[in-house]
Structures are given as structure tokens and as C-alpha cells.
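K.L.:
File protein_38.txt follows (compact mmCIF, N, CA and C atoms):
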```txt
# COMPACT_ATOMS: atom_id res chain seq x y z
N MET Y 1 75.15 63.20 54.48
CA MET Y 1 74.93 64.00 53.30
C MET Y 1 73.46 63.91 52.89
N VAL Y 2 72.83 65.04 52.65
CA VAL Y 2 71.42 65.10 52.26
C VAL Y 2 71.36 65.45 50.77
N VAL Y 3 70.62 64.63 50.06
CA VAL Y 3 70.45 64.88 48.63
C VAL Y 3 69.05 65.41 48.42
N LYS Y 4 68.96 66.55 47.80
CA LYS Y 4 67.66 67.13 47.49
C LYS Y 4 67.25 66.68 46.10
N VAL Y 5 66.04 66.21 46.02
CA VAL Y 5 65.50 65.80 44.73
C VAL Y 5 64.53 66.88 44.27
N LYS Y 6 64.78 67.37 43.10
CA LYS Y 6 63.92 68.41 42.55
C LYS Y 6 62.70 67.76 41.90
N LYS Y 7 61.52 68.15 42.36
CA LYS Y 7 60.29 67.63 41.76
C LYS Y 7 59.99 68.40 40.49
N THR Y 8 59.60 67.67 39.48
CA THR Y 8 59.20 68.32 38.23
C THR Y 8 57.75 68.01 37.97
N GLY Y 9 57.06 68.97 37.47
CA GLY Y 9 55.65 68.78 37.13
C GLY Y 9 54.78 68.77 38.38
N ASN Y 10 53.49 68.67 38.16
CA ASN Y 10 52.54 68.67 39.25
C ASN Y 10 51.71 67.39 39.14
N PRO Y 11 51.88 66.44 40.08
CA PRO Y 11 51.14 65.18 40.00
C PRO Y 11 49.62 65.38 40.03
N LYS Y 12 49.19 66.50 40.62
CA LYS Y 12 47.76 66.79 40.68
C LYS Y 12 47.18 66.93 39.25
N ILE Y 13 48.00 67.44 38.35
CA ILE Y 13 47.56 67.59 36.95
C ILE Y 13 47.20 66.24 36.36
N ILE Y 14 47.99 65.21 36.68
CA ILE Y 14 47.71 63.87 36.16
C ILE Y 14 46.33 63.41 36.65
N GLY Y 15 46.04 63.63 37.91
CA GLY Y 15 44.74 63.27 38.45
C GLY Y 15 43.61 64.01 37.76
N ILE Y 16 43.81 65.28 37.50
CA ILE Y 16 42.80 66.08 36.82
C ILE Y 16 42.58 65.58 35.40
N VAL Y 17 43.67 65.24 34.71
CA VAL Y 17 43.56 64.69 33.35
C VAL Y 17 42.77 63.37 33.38
N PHE Y 18 43.05 62.52 34.36
CA PHE Y 18 42.31 61.26 34.49
C PHE Y 18 40.82 61.53 34.70
N VAL Y 19 40.49 62.49 35.54
CA VAL Y 19 39.09 62.81 35.81
C VAL Y 19 38.41 63.33 34.54
N ILE Y 20 39.09 64.20 33.81
CA ILE Y 20 38.52 64.73 32.56
C ILE Y 20 38.30 63.60 31.56
N CYS Y 21 39.30 62.72 31.41
CA CYS Y 21 39.16 61.57 30.50
C CYS Y 21 38.00 60.68 30.94
N SER Y 22 37.87 60.51 32.26
CA SER Y 22 36.80 59.65 32.75
C SER Y 22 35.43 60.20 32.38
N VAL Y 23 35.27 61.50 32.49
CA VAL Y 23 33.99 62.12 32.15
C VAL Y 23 33.68 61.90 30.66
N ILE Y 24 34.69 62.06 29.83
CA ILE Y 24 34.50 61.85 28.38
C ILE Y 24 34.10 60.40 28.11
N PHE Y 25 34.82 59.45 28.71
CA PHE Y 25 34.52 58.02 28.50
C PHE Y 25 33.12 57.68 29.01
N ILE Y 26 32.77 58.18 30.18
CA ILE Y 26 31.45 57.88 30.74
C ILE Y 26 30.36 58.48 29.85
N LEU Y 27 30.55 59.69 29.35
CA LEU Y 27 29.56 60.31 28.46
C LEU Y 27 29.40 59.51 27.16
N ILE Y 28 30.51 59.05 26.60
CA ILE Y 28 30.44 58.22 25.38
C ILE Y 28 29.67 56.93 25.68
N GLY Y 29 29.98 56.30 26.81
CA GLY Y 29 29.28 55.08 27.20
C GLY Y 29 27.79 55.30 27.39
N MET Y 30 27.44 56.41 28.05
CA MET Y 30 26.03 56.72 28.27
C MET Y 30 25.31 57.03 26.96
N LYS Y 31 25.96 57.77 26.08
CA LYS Y 31 25.35 58.11 24.78
C LYS Y 31 25.12 56.86 23.95
N THR Y 32 26.11 55.97 23.92
CA THR Y 32 25.98 54.72 23.18
C THR Y 32 24.82 53.89 23.74
N HIS Y 33 24.75 53.79 25.05
CA HIS Y 33 23.68 53.04 25.70
C HIS Y 33 22.31 53.68 25.41
N TYR Y 34 22.24 55.00 25.51
CA TYR Y 34 21.00 55.73 25.26
C TYR Y 34 20.53 55.52 23.82
N ASP Y 35 21.45 55.64 22.86
CA ASP Y 35 21.11 55.43 21.45
C ASP Y 35 20.62 54.01 21.21
N PHE Y 36 21.31 53.04 21.80
CA PHE Y 36 20.95 51.62 21.66
C PHE Y 36 19.55 51.37 22.21
N ARG Y 37 19.28 51.89 23.41
CA ARG Y 37 17.96 51.70 24.02
C ARG Y 37 16.86 52.41 23.22
N GLY Y 38 17.15 53.59 22.69
CA GLY Y 38 16.17 54.30 21.88
C GLY Y 38 15.82 53.53 20.62
N LEU Y 39 16.82 52.98 19.97
CA LEU Y 39 16.61 52.18 18.77
C LEU Y 39 15.78 50.95 19.11
N GLU Y 40 16.10 50.32 20.22
CA GLU Y 40 15.37 49.14 20.68
C GLU Y 40 13.90 49.47 20.92
N LYS Y 41 13.61 50.65 21.47
CA LYS Y 41 12.22 51.05 21.76
C LYS Y 41 11.45 51.43 20.51
N ARG Y 42 12.13 52.07 19.54
CA ARG Y 42 11.45 52.50 18.30
C ARG Y 42 11.17 51.34 17.35
N CYS Y 43 12.04 50.35 17.36
CA CYS Y 43 11.92 49.22 16.43
C CYS Y 43 11.14 48.10 17.10
N THR Y 44 9.85 48.04 16.79
CA THR Y 44 8.96 47.13 17.51
C THR Y 44 8.40 45.99 16.66
N GLU Y 45 8.51 46.09 15.36
CA GLU Y 45 7.93 45.06 14.48
C GLU Y 45 8.98 44.01 14.11
N SER Y 46 8.69 42.75 14.43
CA SER Y 46 9.62 41.66 14.12
C SER Y 46 9.44 41.20 12.68
N VAL Y 47 10.56 41.03 11.99
CA VAL Y 47 10.56 40.44 10.64
C VAL Y 47 11.76 39.51 10.54
N THR Y 48 11.69 38.59 9.59
CA THR Y 48 12.83 37.72 9.32
C THR Y 48 13.60 38.33 8.17
N ALA Y 49 14.88 38.51 8.36
CA ALA Y 49 15.72 39.11 7.33
C ALA Y 49 16.79 38.11 6.92
N GLU Y 50 17.23 38.26 5.68
CA GLU Y 50 18.33 37.45 5.18
C GLU Y 50 19.57 38.33 5.03
N VAL Y 51 20.70 37.82 5.47
CA VAL Y 51 21.96 38.54 5.29
C VAL Y 51 22.41 38.29 3.85
N VAL Y 52 22.47 39.37 3.06
CA VAL Y 52 22.81 39.24 1.64
C VAL Y 52 24.25 39.62 1.35
N GLU Y 53 24.90 40.26 2.33
CA GLU Y 53 26.28 40.70 2.12
C GLU Y 53 26.90 41.05 3.46
N ASN Y 54 28.21 40.88 3.54
CA ASN Y 54 28.99 41.39 4.67
C ASN Y 54 29.98 42.39 4.07
N ILE Y 55 29.70 43.66 4.24
CA ILE Y 55 30.57 44.70 3.69
C ILE Y 55 31.88 44.73 4.49
N VAL Y 56 32.99 44.74 3.79
CA VAL Y 56 34.29 44.83 4.44
C VAL Y 56 34.57 46.29 4.78
N VAL Y 57 34.85 46.55 6.05
CA VAL Y 57 35.16 47.90 6.52
C VAL Y 57 36.63 47.90 6.94
N LYS Y 58 37.44 48.71 6.23
CA LYS Y 58 38.87 48.78 6.54
C LYS Y 58 39.16 50.06 7.33
N SER Y 59 39.93 49.90 8.39
CA SER Y 59 40.37 51.05 9.19
C SER Y 59 41.88 51.00 9.27
N ARG Y 60 42.50 52.14 9.07
CA ARG Y 60 43.96 52.21 9.12
C ARG Y 60 44.39 52.97 10.37
N THR Y 61 45.33 52.37 11.09
CA THR Y 61 45.93 53.05 12.23
C THR Y 61 47.41 53.21 11.94
N LYS Y 62 47.92 54.39 12.24
CA LYS Y 62 49.32 54.68 11.97
C LYS Y 62 50.04 55.01 13.26
N SER Y 63 51.27 54.55 13.34
CA SER Y 63 52.15 54.96 14.43
C SER Y 63 53.45 55.42 13.79
N LYS Y 64 54.41 55.79 14.61
CA LYS Y 64 55.68 56.27 14.08
C LYS Y 64 56.35 55.26 13.16
N HIS Y 65 56.25 53.99 13.54
CA HIS Y 65 57.04 52.98 12.85
C HIS Y 65 56.23 52.00 12.00
N SER Y 66 54.92 52.07 12.08
CA SER Y 66 54.14 51.10 11.31
C SER Y 66 52.75 51.62 10.98
N SER Y 67 52.11 50.89 10.11
CA SER Y 67 50.74 51.19 9.73
C SER Y 67 49.98 49.88 9.71
N ASN Y 68 48.86 49.82 10.41
CA ASN Y 68 48.08 48.59 10.49
C ASN Y 68 46.70 48.81 9.88
N ILE Y 69 46.22 47.78 9.23
CA ILE Y 69 44.86 47.83 8.69
C ILE Y 69 44.01 46.83 9.46
N SER Y 70 42.90 47.31 9.98
CA SER Y 70 41.96 46.47 10.71
C SER Y 70 40.74 46.27 9.82
N ILE Y 71 40.27 45.05 9.73
CA ILE Y 71 39.11 44.74 8.90
C ILE Y 71 37.98 44.24 9.78
N THR Y 72 36.79 44.85 9.60
CA THR Y 72 35.58 44.38 10.26
C THR Y 72 34.52 44.18 9.19
N TYR Y 73 33.40 43.59 9.59
CA TYR Y 73 32.35 43.23 8.63
C TYR Y 73 31.01 43.79 9.09
N LYS Y 74 30.33 44.44 8.14
CA LYS Y 74 29.04 45.06 8.40
C LYS Y 74 27.97 44.32 7.59
N PRO Y 75 27.00 43.69 8.27
CA PRO Y 75 25.99 42.93 7.53
C PRO Y 75 24.98 43.83 6.81
N VAL Y 76 24.49 43.33 5.68
CA VAL Y 76 23.42 43.98 4.93
C VAL Y 76 22.23 43.01 4.95
N PHE Y 77 21.08 43.53 5.36
CA PHE Y 77 19.88 42.71 5.52
C PHE Y 77 18.86 42.99 4.43
N ASP Y 78 18.25 41.93 3.91
CA ASP Y 78 17.13 42.00 2.98
C ASP Y 78 15.90 41.52 3.71
N PHE Y 79 14.80 42.29 3.65
CA PHE Y 79 13.58 41.86 4.31
C PHE Y 79 12.38 42.55 3.66
N ASP Y 80 11.21 41.97 3.89
CA ASP Y 80 9.95 42.55 3.43
C ASP Y 80 9.19 43.03 4.65
N TYR Y 81 8.60 44.24 4.50
CA TYR Y 81 7.77 44.79 5.56
C TYR Y 81 6.60 45.51 4.93
N ASN Y 82 5.40 45.12 5.30
CA ASN Y 82 4.16 45.70 4.76
C ASN Y 82 4.15 45.70 3.23
N GLY Y 83 4.60 44.60 2.64
CA GLY Y 83 4.54 44.45 1.19
C GLY Y 83 5.65 45.16 0.43
N THR Y 84 6.59 45.75 1.11
CA THR Y 84 7.70 46.45 0.45
C THR Y 84 9.01 45.76 0.82
N SER Y 85 9.89 45.60 -0.18
CA SER Y 85 11.20 45.01 0.08
C SER Y 85 12.19 46.08 0.48
N TYR Y 86 13.04 45.75 1.44
CA TYR Y 86 14.07 46.67 1.94
C TYR Y 86 15.42 45.97 1.95
N ARG Y 87 16.45 46.74 1.72
CA ARG Y 87 17.84 46.29 1.88
C ARG Y 87 18.51 47.34 2.76
N VAL Y 88 18.89 46.93 3.96
CA VAL Y 88 19.40 47.87 4.95
C VAL Y 88 20.76 47.39 5.47
N GLU Y 89 21.70 48.32 5.50
CA GLU Y 89 23.04 48.07 6.02
C GLU Y 89 23.03 48.33 7.52
N SER Y 90 23.62 47.44 8.28
CA SER Y 90 23.71 47.62 9.73
C SER Y 90 24.55 48.85 10.05
N ASN Y 91 24.30 49.43 11.22
CA ASN Y 91 25.11 50.57 11.69
C ASN Y 91 26.40 50.11 12.35
N VAL Y 92 26.49 48.83 12.66
CA VAL Y 92 27.60 48.30 13.44
C VAL Y 92 28.35 47.24 12.66
N SER Y 93 29.68 47.30 12.75
CA SER Y 93 30.50 46.25 12.15
C SER Y 93 31.20 45.48 13.25
N SER Y 94 31.62 44.25 12.93
CA SER Y 94 32.27 43.42 13.94
C SER Y 94 33.32 42.52 13.29
N LYS Y 95 34.18 41.99 14.13
CA LYS Y 95 35.17 41.01 13.68
C LYS Y 95 35.19 39.91 14.71
N PRO Y 96 34.89 38.72 14.32
CA PRO Y 96 34.54 38.25 12.98
C PRO Y 96 33.12 38.68 12.61
N ALA Y 97 32.73 38.40 11.37
CA ALA Y 97 31.38 38.73 10.93
C ALA Y 97 30.38 38.02 11.83
N LEU Y 98 29.37 38.75 12.26
CA LEU Y 98 28.36 38.19 13.15
C LEU Y 98 27.44 37.20 12.44
N PHE Y 99 27.22 37.42 11.14
CA PHE Y 99 26.31 36.58 10.37
C PHE Y 99 27.01 36.09 9.11
N GLU Y 100 26.60 34.93 8.64
CA GLU Y 100 27.06 34.40 7.36
C GLU Y 100 26.10 34.88 6.27
N VAL Y 101 26.63 35.11 5.08
CA VAL Y 101 25.77 35.46 3.94
C VAL Y 101 24.81 34.30 3.71
N GLY Y 102 23.53 34.62 3.54
CA GLY Y 102 22.49 33.60 3.36
C GLY Y 102 21.78 33.25 4.66
N GLU Y 103 22.37 33.62 5.79
CA GLU Y 103 21.77 33.33 7.09
C GLU Y 103 20.52 34.19 7.29
N LYS Y 104 19.52 33.60 7.93
CA LYS Y 104 18.30 34.34 8.26
C LYS Y 104 18.29 34.60 9.76
N THR Y 105 17.83 35.80 10.10
CA THR Y 105 17.78 36.19 11.50
C THR Y 105 16.60 37.13 11.73
N GLU Y 106 16.17 37.19 12.98
CA GLU Y 106 15.10 38.11 13.33
C GLU Y 106 15.69 39.50 13.50
N ILE Y 107 15.02 40.48 12.92
CA ILE Y 107 15.35 41.88 13.17
C ILE Y 107 14.08 42.60 13.58
N LYS Y 108 14.24 43.74 14.18
CA LYS Y 108 13.10 44.58 14.57
C LYS Y 108 13.14 45.82 13.70
N VAL Y 109 11.97 46.22 13.21
CA VAL Y 109 11.84 47.33 12.28
C VAL Y 109 11.04 48.45 12.94
N ASN Y 110 11.47 49.69 12.69
CA ASN Y 110 10.71 50.84 13.13
C ASN Y 110 9.51 50.97 12.18
N PRO Y 111 8.27 50.82 12.67
CA PRO Y 111 7.11 50.87 11.78
C PRO Y 111 6.95 52.21 11.06
N GLU Y 112 7.47 53.28 11.64
CA GLU Y 112 7.37 54.59 10.99
C GLU Y 112 8.47 54.82 9.97
N VAL Y 113 9.62 54.21 10.18
CA VAL Y 113 10.76 54.34 9.27
C VAL Y 113 11.37 52.95 9.11
N PRO Y 114 10.84 52.12 8.20
CA PRO Y 114 11.28 50.73 8.11
C PRO Y 114 12.78 50.55 7.79
N GLU Y 115 13.43 51.59 7.31
CA GLU Y 115 14.87 51.48 7.05
C GLU Y 115 15.68 51.51 8.36
N GLU Y 116 15.02 51.88 9.45
CA GLU Y 116 15.68 51.89 10.76
C GLU Y 116 15.42 50.53 11.42
N ILE Y 117 16.50 49.82 11.70
CA ILE Y 117 16.36 48.47 12.25
C ILE Y 117 17.17 48.31 13.53
N TYR Y 118 16.76 47.32 14.28
CA TYR Y 118 17.48 46.90 15.49
C TYR Y 118 17.67 45.39 15.34
N VAL Y 119 18.88 44.93 15.56
CA VAL Y 119 19.19 43.51 15.41
C VAL Y 119 19.43 42.92 16.80
N PRO Y 120 18.43 42.21 17.35
CA PRO Y 120 18.57 41.68 18.71
C PRO Y 120 19.82 40.80 18.92
N ALA Y 121 20.23 40.08 17.90
CA ALA Y 121 21.39 39.18 18.03
C ALA Y 121 22.72 39.94 18.08
N ASP Y 122 22.72 41.21 17.69
CA ASP Y 122 23.96 42.00 17.65
C ASP Y 122 24.05 42.85 18.91
N LYS Y 123 24.92 42.44 19.82
CA LYS Y 123 25.09 43.15 21.09
C LYS Y 123 26.31 44.07 21.08
N THR Y 124 26.91 44.30 19.91
CA THR Y 124 28.14 45.09 19.81
C THR Y 124 28.00 46.48 20.44
N ALA Y 125 26.95 47.21 20.07
CA ALA Y 125 26.77 48.58 20.59
C ALA Y 125 26.58 48.56 22.11
N LYS Y 126 25.87 47.57 22.60
CA LYS Y 126 25.66 47.45 24.05
C LYS Y 126 27.01 47.25 24.75
N TYR Y 127 27.83 46.36 24.22
CA TYR Y 127 29.14 46.09 24.84
C TYR Y 127 30.06 47.31 24.76
N ILE Y 128 30.00 48.04 23.66
CA ILE Y 128 30.82 49.25 23.53
C ILE Y 128 30.45 50.26 24.62
N GLY Y 129 29.16 50.43 24.86
CA GLY Y 129 28.71 51.33 25.91
C GLY Y 129 29.20 50.89 27.28
N ILE Y 130 29.14 49.60 27.56
CA ILE Y 130 29.59 49.07 28.84
C ILE Y 130 31.10 49.26 28.99
N ILE Y 131 31.85 48.99 27.92
CA ILE Y 131 33.31 49.13 27.97
C ILE Y 131 33.70 50.58 28.25
N PHE Y 132 33.10 51.52 27.54
CA PHE Y 132 33.43 52.93 27.76
C PHE Y 132 33.06 53.40 29.17
N ALA Y 133 31.88 53.00 29.64
CA ALA Y 133 31.46 53.41 30.99
C ALA Y 133 32.38 52.80 32.05
N THR Y 134 32.78 51.55 31.86
CA THR Y 134 33.68 50.90 32.81
C THR Y 134 35.05 51.57 32.80
N ALA Y 135 35.59 51.83 31.61
CA ALA Y 135 36.88 52.50 31.50
C ALA Y 135 36.81 53.89 32.14
N GLY Y 136 35.71 54.58 31.92
CA GLY Y 136 35.54 55.90 32.51
C GLY Y 136 35.51 55.85 34.02
N THR Y 137 34.86 54.83 34.56
CA THR Y 137 34.80 54.67 36.01
C THR Y 137 36.20 54.40 36.58
N VAL Y 138 36.97 53.54 35.89
CA VAL Y 138 38.34 53.24 36.34
C VAL Y 138 39.19 54.52 36.31
N PHE Y 139 39.09 55.30 35.23
CA PHE Y 139 39.83 56.56 35.15
C PHE Y 139 39.41 57.53 36.25
N LEU Y 140 38.12 57.58 36.54
CA LEU Y 140 37.62 58.48 37.58
C LEU Y 140 38.21 58.10 38.94
N ILE Y 141 38.14 56.82 39.27
CA ILE Y 141 38.70 56.36 40.55
C ILE Y 141 40.20 56.64 40.62
N ALA Y 142 40.92 56.32 39.54
CA ALA Y 142 42.37 56.56 39.51
C ALA Y 142 42.66 58.05 39.66
N GLY Y 143 41.92 58.89 38.97
CA GLY Y 143 42.12 60.34 39.06
C GLY Y 143 41.88 60.87 40.45
N ILE Y 144 40.81 60.41 41.08
CA ILE Y 144 40.50 60.86 42.44
C ILE Y 144 41.59 60.39 43.41
N LEU Y 145 42.03 59.14 43.26
CA LEU Y 145 43.09 58.64 44.14
C LEU Y 145 44.39 59.43 43.97
N VAL Y 146 44.73 59.77 42.73
CA VAL Y 146 45.94 60.56 42.49
C VAL Y 146 45.80 61.95 43.12
N ILE Y 147 44.66 62.58 42.94
CA ILE Y 147 44.44 63.92 43.51
C ILE Y 147 44.50 63.87 45.04
N LEU Y 148 43.87 62.87 45.64
CA LEU Y 148 43.85 62.78 47.11
C LEU Y 148 45.23 62.43 47.66
N LYS Y 149 46.00 61.64 46.93
CA LYS Y 149 47.32 61.22 47.40
C LYS Y 149 48.32 62.39 47.35
N VAL Y 150 48.06 63.36 46.50
CA VAL Y 150 48.96 64.51 46.35
C VAL Y 150 48.94 65.37 47.60
N HIS Y 151 47.81 65.47 48.25
CA HIS Y 151 47.68 66.37 49.41
C HIS Y 151 48.45 65.86 50.58
```
Go ahead and render the structure in this file as C-alpha cells.
P.N.:
Amino acid sequence: MVVKVKKTGNPKIIGIVFVICSVIFILIGMKTHYDFRGLEKRCTESVTAEVVENIVVKSRTKSKHSSNISITYKPVFDFDYNGTSYRVESNVSSKPALFEVGEKTEIKVNPEVPEEIYVPADKTAKYIGIIFATAGTVFLIAGILVILKVH
């Protein structure tokens, strides 16, 4: 007795979706890396800054059955540059807080726009770029393998 199994859907579509997702992830990773490197190049003046606050950043994620709140911390830096005092909030938050309130750290300031800073000790943006690019590469390889296996 021969049993025929009816195929549903097109497995090639899954491969194509993986490839499209990979391109998106790789582009996000490249953009994050590019922005990080640009900030690093523009911010050339070293100053010592004091962390005066860690702003609590709450993010809510919802699913069918639950709702979760994620908390991260965004440092606020106080520093003097060319005789002017500045208080600048970081662009990046992390969990746990990267700095303690009252802690002093080196930051780099853009001499043309002192409110633009780069924090050498904060590698969060760099890691995010690497994670997205790596995930994109994995999706790309998986997508190509699925497409090739279909033939």
C-alpha cells in the first residue's frame, strides 16, 4: 500500500524569508557600527565626567498571556569643557547600570558640538552591532541552505 503525503506550503518561501531577515539584520548591524565609529571619530577631546544620575528606562513587552517590564539604566554625565559646564544624557542604556552615581570616567567630546559625547568604557552599541551582524549572517546561511535543499 502506497500512502501519498500531500505537501503544503512552499519550503523555498521559508528560505527567502530567512534571506530577507538576514539582510535587515545585517543592515541594522552595519548602521549601528557605522554610527558608533562616526561618533568615535567626531569626539576627540578627552574630559573627565562625573555620573550624576542613572535614568531608569522602562520597556514593556506584551504577549498573549503576560506583560513584562524590562528596566535599564541610562547614565547622565556632568563635565566641563572650554570653561562651560555640560550635563549630557547617554544615548545608550544598559542592565545593570554601567556606572555608579558619583563615579568619574573619561568621556570624549565633539569639539564642535560638546553635547555630543562618546564614552569609551561603554561598548553596548558596539556589541549590538556585532550581535545583529552575526544573527544576520546565521539567517543568511540558513536561508541559502533551505533554498538549495529545496531543489
K.L.:
At a cut-off of 8 Å, using only C-alpha atoms, what residues contact range 51-64 of chain Y? Leave out same-chain residues fewer than 6 positions from it and give the result as JSON, numbers by chain.
P.N.:
{"Y": [70, 71, 72, 73, 74, 75, 76, 77, 78, 93, 97, 99, 100, 101, 102, 103, 104, 105]}
K.L.:
How about saving the chosen residues, N, CA and C atoms kept, as a tab-separated table (two decimals), keeping the file's coordinate frame?
P.N.:
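Contents of out.tsv, freshly written:
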```tsv
chain	number	residue	atom	x	y	z
Y	70	SER	N	42.90	47.31	9.98
Y	70	SER	CA	41.96	46.47	10.71
Y	70	SER	C	40.74	46.27	9.82
Y	71	ILE	N	40.27	45.05	9.73
Y	71	ILE	CA	39.11	44.74	8.90
Y	71	ILE	C	37.98	44.24	9.78
Y	72	THR	N	36.79	44.85	9.60
Y	72	THR	CA	35.58	44.38	10.26
Y	72	THR	C	34.52	44.18	9.19
Y	73	TYR	N	33.40	43.59	9.59
Y	73	TYR	CA	32.35	43.23	8.63
Y	73	TYR	C	31.01	43.79	9.09
Y	74	LYS	N	30.33	44.44	8.14
Y	74	LYS	CA	29.04	45.06	8.40
Y	74	LYS	C	27.97	44.32	7.59
Y	75	PRO	N	27.00	43.69	8.27
Y	75	PRO	CA	25.99	42.93	7.53
Y	75	PRO	C	24.98	43.83	6.81
Y	76	VAL	N	24.49	43.33	5.68
Y	76	VAL	CA	23.42	43.98	4.93
Y	76	VAL	C	22.23	43.01	4.95
Y	77	PHE	N	21.08	43.53	5.36
Y	77	PHE	CA	19.88	42.71	5.52
Y	77	PHE	C	18.86	42.99	4.43
Y	78	ASP	N	18.25	41.93	3.91
Y	78	ASP	CA	17.13	42.00	2.98
Y	78	ASP	C	15.90	41.52	3.71
Y	93	SER	N	29.68	47.30	12.75
Y	93	SER	CA	30.50	46.25	12.15
Y	93	SER	C	31.20	45.48	13.25
Y	97	ALA	N	32.73	38.40	11.37
Y	97	ALA	CA	31.38	38.73	10.93
Y	97	ALA	C	30.38	38.02	11.83
Y	99	PHE	N	27.22	37.42	11.14
Y	99	PHE	CA	26.31	36.58	10.37
Y	99	PHE	C	27.01	36.09	9.11
Y	100	GLU	N	26.60	34.93	8.64
Y	100	GLU	CA	27.06	34.40	7.36
Y	100	GLU	C	26.10	34.88	6.27
Y	101	VAL	N	26.63	35.11	5.08
Y	101	VAL	CA	25.77	35.46	3.94
Y	101	VAL	C	24.81	34.30	3.71
Y	102	GLY	N	23.53	34.62	3.54
Y	102	GLY	CA	22.49	33.60	3.36
Y	102	GLY	C	21.78	33.25	4.66
Y	103	GLU	N	22.37	33.62	5.79
Y	103	GLU	CA	21.77	33.33	7.09
Y	103	GLU	C	20.52	34.19	7.29
Y	104	LYS	N	19.52	33.60	7.93
Y	104	LYS	CA	18.30	34.34	8.26
Y	104	LYS	C	18.29	34.60	9.76
Y	105	THR	N	17.83	35.80	10.10
Y	105	THR	CA	17.78	36.19	11.50
Y	105	THR	C	16.60	37.13	11.73
```
K.L.:
I want to know what sits within 7 Å of Ile130 in chain Y, based on only C-alpha atoms, with residues of the same chain fewer than 4 positions away left out; could you give that as a list in words?
P.N.:
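Final neighbour list, sorted by chain and number: Gly29, Lys126 and Thr134 of chain Y.
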K.L.:
Can you list, as a list in words, every protein, DNA or RNA residue that comes within 8 Å of Ile13 in chain Y when you count all atoms listed in the file, leaving out same-chain residues fewer than 4 positions away?
P.N.:
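My reading of the contact set: Gly9, Val17, Phe18, Val19, Val146 and Ile147 of chain Y.
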K.L.:
Dump N, CA and C atoms for the selected residues as a short mmCIF file (atom, residue, chain, number, x, y, z; two decimals), in the coordinates of the input?
P.N.:
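What landed in out.cif:
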```cif
data_model
loop_
_atom_site.label_atom_id
_atom_site.label_comp_id
_atom_site.auth_asym_id
_atom_site.auth_seq_id
_atom_site.Cartn_x
_atom_site.Cartn_y
_atom_site.Cartn_z
N GLY Y 9 57.06 68.97 37.47
CA GLY Y 9 55.65 68.78 37.13
C GLY Y 9 54.78 68.77 38.38
N VAL Y 17 43.67 65.24 34.71
CA VAL Y 17 43.56 64.69 33.35
C VAL Y 17 42.77 63.37 33.38
N PHE Y 18 43.05 62.52 34.36
CA PHE Y 18 42.31 61.26 34.49
C PHE Y 18 40.82 61.53 34.70
N VAL Y 19 40.49 62.49 35.54
CA VAL Y 19 39.09 62.81 35.81
C VAL Y 19 38.41 63.33 34.54
N VAL Y 146 44.73 59.77 42.73
CA VAL Y 146 45.94 60.56 42.49
C VAL Y 146 45.80 61.95 43.12
N ILE Y 147 44.66 62.58 42.94
CA ILE Y 147 44.44 63.92 43.51
C ILE Y 147 44.50 63.87 45.04
#
```
K.L.:
What is the distance, in Å and to one decimal place, between atom C of Glu50 in chain Y and CA of Ser90 in chain Y?
P.N.:
11.2 Å
K.L.:
What is the distance, in Å and to one decimal place, between CA of Gly129 in chain Y and CA of Pro114 in chain Y?
P.N.:
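Computed distance, CA of Gly129 in chain Y to CA of Pro114 in chain Y, equals 24.9 Å.
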K.L.:
Could you work out how far atom N of Val92 in chain Y lies from CA of Thr32 in chain Y, giving the answer in Å with one decimal?
P.N.:
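Atom-to-atom, CA of Thr32 in chain Y to atom N of Val92 in chain Y, that is 12.1 Å.
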K.L.:
For the structure I just gave you, how does DSSP split range 6-61 of chain Y - specifically, which residues are helix (DSSP H, G or I)? Reply as a ChimeraX atom specification.
P.N.:
/Y:11-42
K.L.:
Quick one: residues within 8 Å of Ile131 in chain Y, all atoms listed in the file, excluding same-chain residues fewer than 3 positions away - as a list in words?
P.N.:
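So, after excluding close chain neighbours, the residues are Phe25, Ile26, Ile28, Gly29, Ala125, Lys126, Tyr127, Ile128, Thr134, Ala135, Gly136 and Thr137 of chain Y.
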K.L.:
At a cut-off of 8 Å around the point (8.3, 45.8, 6.7) (file coordinates), what residues fall inside when counting all atoms listed in the file? I'd like the answer as a list in words.
P.N.:
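Selection result: Glu45, Ser46, Val47, Phe79, Asp80, Tyr81, Asn82, Gly83, Thr84, Ser85, Tyr86, Val109, Asn110, Pro111, Pro114 and Glu115 of chain Y.
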K.L.:
From a DSSP calculation on the backbone, collect every residue of range 61-147 of chain Y in strand (DSSP E) and output the set as a VMD selection string.
P.N.:
chain Y and resid 61 to 62 67 to 81 84 to 89 104 to 109 117 to 118
